[in-house]
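Notes follow once the structure below has been shown.
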Amino acid sequence: MVEDGGSEEEAEGESGEMPAAAAVPPLQRCNGFLPGKEAEGGGRAAPAGSGEQAAEAEAEAMLSASGGRVETRLSRRRLAVLTVFSCYSLVNAFQWIQYSILSNVFASFYGVSFTQIDWLSMVYMVAYVPLILPATWLLDARGLRLTALLGSGLNGLGAWLKCGSLAPGRYPLTLAAQAVCAVAQVFILGLPSRIASVWFGPTEVSTACAVAVLGNQLGTAIGFLLPPVLVPNTPDDTDLMAHNISIMFYGTAIVSTLLFFLTGVVFEEKPKYPPSHSQAILQTMPPEDYSYKQSIINLFRNIPFVLLLISYGIMTGAFYSVSTLLNQMIVTHYEGEEVNAGRIGLTLVVAGMVGSIICGLWLDYTKTYKQTTLIVYILSFIGLLVFTFTLDLGYLIVVFVTGGVLGFFMTGYLPLGFEFAVEITYPESEGTSSGLLNASAQIFGIVFTLVQGKLTTDYSPRAGNLFLCAWIFVGIILTALIKSDLRRHNVNSGIMNLDVKAVSGD
């Protein structure tokens, strides 16, 4: 177990400055809104996106309520929490893509169509949409630890169920097992921004969110690389194919079980002291004043968030679709290159991991959320166009390069959307805003995968990719319309301007 601080720090917290939880008096809510958000008249909320004056008024109200001085500390445990979460998120993403990258192998093994194999990926998207609201409610009502245990536990359960589907004719069982993993994903995808906000300080929060998202991306990368190596295509030897699949399934089950136990040991609800002033303010709110229903209403009244909700869904849904159909696109033009299709997928995601970290560091340094998001969106559009028109040139090396460029920007966008949403929706729950973003991504992902798959089968991969390009262009326009109202940053900056000293627990 990792301690939050030494005995000297505990003594200082008792005899010196009061910890944040005690130093900050409770904030009062009126009609479900924080001080500074009520109209002067009837106590109704001011319209969303009412400009810099409203943001400044809200920040000043929060600062006034906080008493002007708050002590914050950083916990060493935050690194362990981030590492364990990233690992079990990795395994969940690996289980999502392990079928699609071997679509021809599993279609032969189970004796089903390519569309049925595609559903082993799309079930992740289908399960997310109806379950996201209950999952975000559970996160807000029961907390981070229980949500993390559910995500890692269901991930392990689904992995073990797959071990029972190691025979032709057991497609329904492997689909059911994948559905359990899909439910686990509901308790995973919305946590990066929550973990980053609750455990990390203002100068590292975007980087921490990027690292948490990176775990999921790394799982997708390994899912592209490892399955084609472990399960080569042996259509004439079904027993050998079953043996190879069993190595992959049992290995995944063992790792996911270990990570479930580590989650129980490492995860705590929150650190002993808040890591930032914005968190210190949120932690002083009486639980009975929080309304999940009102929080959802607030988010959908926030016009910048609604625009981000749609544009994030378009970009991430396009990424899901490209990832699901990558094997079919590559094999169409390069027959028998299943292993290289996996390597191209790996290149796409690894480049995106690099993009995520660079974008996270850049946001922590500059706080230019809208500008960075818009630039990455435009470059993703250009990258997909180049990928589309070079896919059929007959040179795999070109596909590797264009796939890497596409992945750098397209998957590098994911943490940008999370952090931008938290900024423009503060003080609403990070889990709720992230959950809605992911729900939008799943909806667009389902539609895009079905339509692009149909276009790819009936016409060509180029037709399917151009369909995605058209939608990403729409996303660029929506992103340009988003008003950048950095509420969380305003609160942190306002308090830090009062010369508050942040004490590291390390």
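Here, A, B, ... name the chains of the structure tokens in the order displayed, residue numbers run from 1 inside each chain, and ligands are numbered from 1 in the same displayed order.
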All residues 7 Å or closer to range 261-272 of chain A, only C-alpha atoms, same chain fewer than 2 positions away omitted, as a CSV table (one decimal) with N, CA, C and O atoms, in the first residue's frame:
chain,number,residue,atom,x,y,z
A,1,MET,N,0.9,-1.2,0.0
A,1,MET,CA,0.0,0.0,0.0
A,1,MET,C,0.9,1.2,0.0
A,1,MET,O,1.9,1.3,0.7
A,4,ASP,N,0.0,8.3,1.6
A,4,ASP,CA,-0.1,9.6,1.0
A,4,ASP,C,1.0,10.6,1.4
A,4,ASP,O,1.2,11.6,0.8
A,75,SER,N,-0.5,13.1,-4.0
A,75,SER,CA,-0.3,11.8,-3.4
A,75,SER,C,0.6,10.9,-4.3
A,75,SER,O,0.4,10.9,-5.5
A,80,ALA,N,0.3,4.9,-8.9
A,80,ALA,CA,-0.1,3.5,-8.9
A,80,ALA,C,-1.6,3.4,-9.4
A,80,ALA,O,-1.9,2.4,-10.2
A,81,VAL,N,-2.5,4.3,-9.0
A,81,VAL,CA,-3.8,4.3,-9.5
A,81,VAL,C,-3.9,4.4,-11.0
A,81,VAL,O,-4.6,3.6,-11.7
A,84,VAL,N,-2.5,1.1,-12.8
A,84,VAL,CA,-3.4,-0.1,-12.7
A,84,VAL,C,-4.6,0.1,-13.6
A,84,VAL,O,-5.0,-0.7,-14.4
A,143,GLY,N,-19.1,6.1,-6.3
A,143,GLY,CA,-17.7,6.5,-6.3
A,143,GLY,C,-16.8,5.8,-7.3
A,143,GLY,O,-17.2,4.8,-8.0
A,144,LEU,N,-15.5,6.2,-7.2
A,144,LEU,CA,-14.5,5.8,-8.2
A,144,LEU,C,-14.1,4.3,-7.9
A,144,LEU,O,-13.9,3.5,-8.9
A,145,ARG,N,-13.9,3.9,-6.7
A,145,ARG,CA,-13.4,2.6,-6.4
A,145,ARG,C,-14.3,1.5,-6.8
A,145,ARG,O,-13.9,0.5,-7.5
A,149,LEU,N,-13.6,-1.4,-9.7
A,149,LEU,CA,-13.7,-2.8,-9.5
A,149,LEU,C,-14.7,-3.5,-10.4
A,149,LEU,O,-14.5,-4.6,-10.9
A,198,VAL,N,-9.3,14.0,-10.0
A,198,VAL,CA,-9.3,13.7,-8.6
A,198,VAL,C,-8.0,13.5,-8.0
A,198,VAL,O,-7.7,13.8,-6.8
A,199,TRP,N,-7.0,12.9,-8.8
A,199,TRP,CA,-5.7,12.5,-8.2
A,199,TRP,C,-4.6,13.4,-8.6
A,199,TRP,O,-3.5,13.3,-8.0
A,257,THR,N,-7.5,-11.2,-14.6
A,257,THR,CA,-7.8,-11.6,-13.2
A,257,THR,C,-6.8,-11.0,-12.2
A,257,THR,O,-7.1,-10.5,-11.2
A,258,LEU,N,-5.5,-11.0,-12.6
A,258,LEU,CA,-4.5,-10.4,-11.8
A,258,LEU,C,-4.7,-8.9,-11.6
A,258,LEU,O,-4.6,-8.4,-10.5
A,259,LEU,N,-5.1,-8.3,-12.7
A,259,LEU,CA,-5.4,-6.8,-12.6
A,259,LEU,C,-6.6,-6.5,-11.8
A,259,LEU,O,-6.7,-5.4,-11.1
A,274,PRO,N,-6.9,17.2,-1.4
A,274,PRO,CA,-7.2,17.5,-2.8
A,274,PRO,C,-5.9,17.9,-3.5
A,274,PRO,O,-5.1,18.6,-3.0
Cys469 in chain A surroundings by only C-alpha atoms, 8 Å radius, close-in-sequence under 2 positions cut, as a PyMOL selection string: chain A and resi 381+384-385+465-467+471-473
Selection export as a PDB file, in the first residue's frame, atoms kept: all heavy atoms:
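Below is the file again_31.pdb, written as the result:
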ATOM      1  N   PHE A 381      -8.414  15.047 -40.775  1.00  0.00           N
ATOM      2  CA  PHE A 381      -9.139  15.051 -42.049  1.00  0.00           C
ATOM      3  C   PHE A 381      -8.162  14.901 -43.224  1.00  0.00           C
ATOM      4  O   PHE A 381      -8.372  14.078 -44.128  1.00  0.00           O
ATOM      5  CB  PHE A 381      -9.937  16.348 -42.178  1.00  0.00           C
ATOM      6  CG  PHE A 381     -10.574  16.561 -43.519  1.00  0.00           C
ATOM      7  CD1 PHE A 381     -11.688  15.826 -43.897  1.00  0.00           C
ATOM      8  CD2 PHE A 381     -10.070  17.506 -44.401  1.00  0.00           C
ATOM      9  CE1 PHE A 381     -12.289  16.019 -45.138  1.00  0.00           C
ATOM     10  CE2 PHE A 381     -10.656  17.709 -45.642  1.00  0.00           C
ATOM     11  CZ  PHE A 381     -11.768  16.966 -46.013  1.00  0.00           C
ATOM     12  N   LEU A 384      -6.728  11.320 -43.285  1.00  0.00           N
ATOM     13  CA  LEU A 384      -7.632  10.298 -43.821  1.00  0.00           C
ATOM     14  C   LEU A 384      -7.743  10.406 -45.342  1.00  0.00           C
ATOM     15  O   LEU A 384      -7.838   9.376 -46.028  1.00  0.00           O
ATOM     16  CB  LEU A 384      -9.011  10.428 -43.167  1.00  0.00           C
ATOM     17  CG  LEU A 384     -10.029   9.353 -43.550  1.00  0.00           C
ATOM     18  CD1 LEU A 384      -9.506   7.946 -43.250  1.00  0.00           C
ATOM     19  CD2 LEU A 384     -11.361   9.580 -42.817  1.00  0.00           C
ATOM     20  N   LEU A 385      -7.716  11.622 -45.864  1.00  0.00           N
ATOM     21  CA  LEU A 385      -7.744  11.784 -47.317  1.00  0.00           C
ATOM     22  C   LEU A 385      -6.510  11.148 -47.965  1.00  0.00           C
ATOM     23  O   LEU A 385      -6.612  10.414 -48.958  1.00  0.00           O
ATOM     24  CB  LEU A 385      -7.810  13.266 -47.685  1.00  0.00           C
ATOM     25  CG  LEU A 385      -9.181  13.943 -47.665  1.00  0.00           C
ATOM     26  CD1 LEU A 385      -9.029  15.427 -47.978  1.00  0.00           C
ATOM     27  CD2 LEU A 385     -10.137  13.291 -48.664  1.00  0.00           C
ATOM     28  N   ASN A 465     -14.087   5.102 -47.060  1.00  0.00           N
ATOM     29  CA  ASN A 465     -13.257   6.124 -46.439  1.00  0.00           C
ATOM     30  C   ASN A 465     -13.708   7.537 -46.812  1.00  0.00           C
ATOM     31  O   ASN A 465     -13.639   8.459 -45.993  1.00  0.00           O
ATOM     32  CB  ASN A 465     -11.793   5.922 -46.826  1.00  0.00           C
ATOM     33  CG  ASN A 465     -11.165   4.756 -46.087  1.00  0.00           C
ATOM     34  OD1 ASN A 465     -11.540   4.436 -44.967  1.00  0.00           O
ATOM     35  ND2 ASN A 465     -10.201   4.106 -46.725  1.00  0.00           N
ATOM     36  N   LEU A 466     -14.154   7.733 -48.047  1.00  0.00           N
ATOM     37  CA  LEU A 466     -14.658   9.050 -48.439  1.00  0.00           C
ATOM     38  C   LEU A 466     -15.923   9.411 -47.667  1.00  0.00           C
ATOM     39  O   LEU A 466     -16.167  10.589 -47.363  1.00  0.00           O
ATOM     40  CB  LEU A 466     -14.927   9.078 -49.946  1.00  0.00           C
ATOM     41  CG  LEU A 466     -13.679   9.101 -50.835  1.00  0.00           C
ATOM     42  CD1 LEU A 466     -14.073   9.018 -52.311  1.00  0.00           C
ATOM     43  CD2 LEU A 466     -12.859  10.372 -50.577  1.00  0.00           C
ATOM     44  N   PHE A 467     -16.721   8.417 -47.349  1.00  0.00           N
ATOM     45  CA  PHE A 467     -17.893   8.643 -46.502  1.00  0.00           C
ATOM     46  C   PHE A 467     -17.460   9.216 -45.149  1.00  0.00           C
ATOM     47  O   PHE A 467     -18.062  10.182 -44.643  1.00  0.00           O
ATOM     48  CB  PHE A 467     -18.652   7.323 -46.331  1.00  0.00           C
ATOM     49  CG  PHE A 467     -19.671   7.330 -45.231  1.00  0.00           C
ATOM     50  CD1 PHE A 467     -20.904   7.934 -45.406  1.00  0.00           C
ATOM     51  CD2 PHE A 467     -19.399   6.710 -44.017  1.00  0.00           C
ATOM     52  CE1 PHE A 467     -21.846   7.943 -44.378  1.00  0.00           C
ATOM     53  CE2 PHE A 467     -20.333   6.700 -42.994  1.00  0.00           C
ATOM     54  CZ  PHE A 467     -21.559   7.321 -43.179  1.00  0.00           C
ATOM     55  N   TRP A 471     -17.933  13.267 -43.204  1.00  0.00           N
ATOM     56  CA  TRP A 471     -18.402  13.510 -41.839  1.00  0.00           C
ATOM     57  C   TRP A 471     -17.362  14.245 -40.999  1.00  0.00           C
ATOM     58  O   TRP A 471     -17.706  15.108 -40.187  1.00  0.00           O
ATOM     59  CB  TRP A 471     -18.788  12.192 -41.172  1.00  0.00           C
ATOM     60  CG  TRP A 471     -20.178  11.777 -41.504  1.00  0.00           C
ATOM     61  CD1 TRP A 471     -20.588  10.881 -42.451  1.00  0.00           C
ATOM     62  CD2 TRP A 471     -21.377  12.281 -40.901  1.00  0.00           C
ATOM     63  NE1 TRP A 471     -21.959  10.794 -42.470  1.00  0.00           N
ATOM     64  CE2 TRP A 471     -22.470  11.633 -41.522  1.00  0.00           C
ATOM     65  CE3 TRP A 471     -21.635  13.200 -39.895  1.00  0.00           C
ATOM     66  CZ2 TRP A 471     -23.789  11.894 -41.165  1.00  0.00           C
ATOM     67  CZ3 TRP A 471     -22.960  13.470 -39.525  1.00  0.00           C
ATOM     68  CH2 TRP A 471     -24.013  12.812 -40.173  1.00  0.00           C
ATOM     69  N   ILE A 472     -16.095  13.911 -41.172  1.00  0.00           N
ATOM     70  CA  ILE A 472     -15.043  14.602 -40.415  1.00  0.00           C
ATOM     71  C   ILE A 472     -14.984  16.079 -40.807  1.00  0.00           C
ATOM     72  O   ILE A 472     -14.719  16.950 -39.961  1.00  0.00           O
ATOM     73  CB  ILE A 472     -13.689  13.903 -40.614  1.00  0.00           C
ATOM     74  CG1 ILE A 472     -13.709  12.528 -39.937  1.00  0.00           C
ATOM     75  CG2 ILE A 472     -12.540  14.732 -40.053  1.00  0.00           C
ATOM     76  CD1 ILE A 472     -12.445  11.728 -40.101  1.00  0.00           C
ATOM     77  N   PHE A 473     -15.261  16.387 -42.064  1.00  0.00           N
ATOM     78  CA  PHE A 473     -15.315  17.788 -42.476  1.00  0.00           C
ATOM     79  C   PHE A 473     -16.425  18.526 -41.727  1.00  0.00           C
ATOM     80  O   PHE A 473     -16.250  19.677 -41.307  1.00  0.00           O
ATOM     81  CB  PHE A 473     -15.539  17.884 -43.991  1.00  0.00           C
ATOM     82  CG  PHE A 473     -15.511  19.289 -44.510  1.00  0.00           C
ATOM     83  CD1 PHE A 473     -14.311  19.949 -44.688  1.00  0.00           C
ATOM     84  CD2 PHE A 473     -16.689  19.951 -44.819  1.00  0.00           C
ATOM     85  CE1 PHE A 473     -14.277  21.258 -45.158  1.00  0.00           C
ATOM     86  CE2 PHE A 473     -16.675  21.248 -45.288  1.00  0.00           C
ATOM     87  CZ  PHE A 473     -15.461  21.909 -45.464  1.00  0.00           C
TER      88      PHE A 473
END
Tell me which protein, DNA and RNA residues are within 12 Å of Thr238 in chain A, counting only C-alpha atoms, leaving out same-chain ones fewer than 2 positions away, and put them as a PyMOL selection string.
chain A and resi 105-106+108-111+166-168+231-236+240-245
Counting only C-alpha atoms, which residue out of A:Leu481, A:Val322, A:Ile188, A:Leu437 sits closest to Lys370 in chain A?
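Going through A:Leu481, A:Val322, A:Ile188, A:Leu437 one by one, the smallest distance to Lys370 in chain A is for A:Leu481.
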| request: Please provide as a PyMOL selection string all residues within 7 Å of range 113-126 of chain A, with the sequence filter that same-chain residues fewer than 6 positions apart are discarded (counting only C-alpha atoms). | output: chain A and resi 96-97+99-100+103+107+175+178-179+182+324+442-443+445-446
For Ser295 in chain A, the closest of A:Gly431, A:Gly383, A:Pro227, A:Gly251 counting only C-alpha atoms is A:Gly431
_Between A:Thr388, A:Ser276, A:Ile344, A:Ile195, which residue has the minimum interatomic distance to Arg73 in chain A, considering only C-alpha atoms?_
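Answer, going by the shortest atom-to-atom distance: A:Ser276.
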Might you pull out every residue within 12 Å of range 133-136 of chain A, with only C-alpha atoms counted and same-chain residues fewer than 5 positions away left off, and present them as a count of residues only?
37
Quiz item: How many Å lie between CA of Arg77 in chain A and CA of Cys209 in chain A, rounded to one decimal?
Solution: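 About the pair CA of Arg77 in chain A and CA of Cys209 in chain A: they are 15.7 Å apart.
Proximity of A:Asn340, A:Asn155, A:Asn327, A:Thr72 to Tyr395 in chain A, computed with only C-alpha atoms, is greatest for A:Asn340.
Residue nearest Ser440 in chain A within the list A:Ala221, A:Ile132, A:Ile303, A:Val350: A:Ile132 [criterion: smallest interatomic distance, only C-alpha atoms].
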Can you pull out every residue from range 84-299 of chain A that DSSP, working from the backbone, puts in helix (DSSP H, G or I), and format the result as an MDAnalysis selection string? chainID A and resid 84:97 100:110 114:142 144:165 171:186 191:199 205:230 238:266 277:283 287:289 292:299
Next item on the list: Report the distance between CA of Tyr312 in chain A and CA of Asn216 in chain A in Å, rounded to one decimal place.
Entry: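 Separation between CA of Tyr312 in chain A and CA of Asn216 in chain A: 16.8 Å.
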Residues at most 10 Å from Ala351 in chain A, counting only C-alpha atoms, excluding those fewer than 6 positions away in the same chain, as a VMD selection string? chain A and resid 217 221 345 403 to 412
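Between CA of Glu337 in chain A and CA of Gly464 in chain A the separation is 20.3 Å.
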Across A:Trp362, A:Phe444, A:Tyr426, A:Phe389, the smallest distance to Met315 in chain A, with only C-alpha atoms counted, is shown by A:Phe444
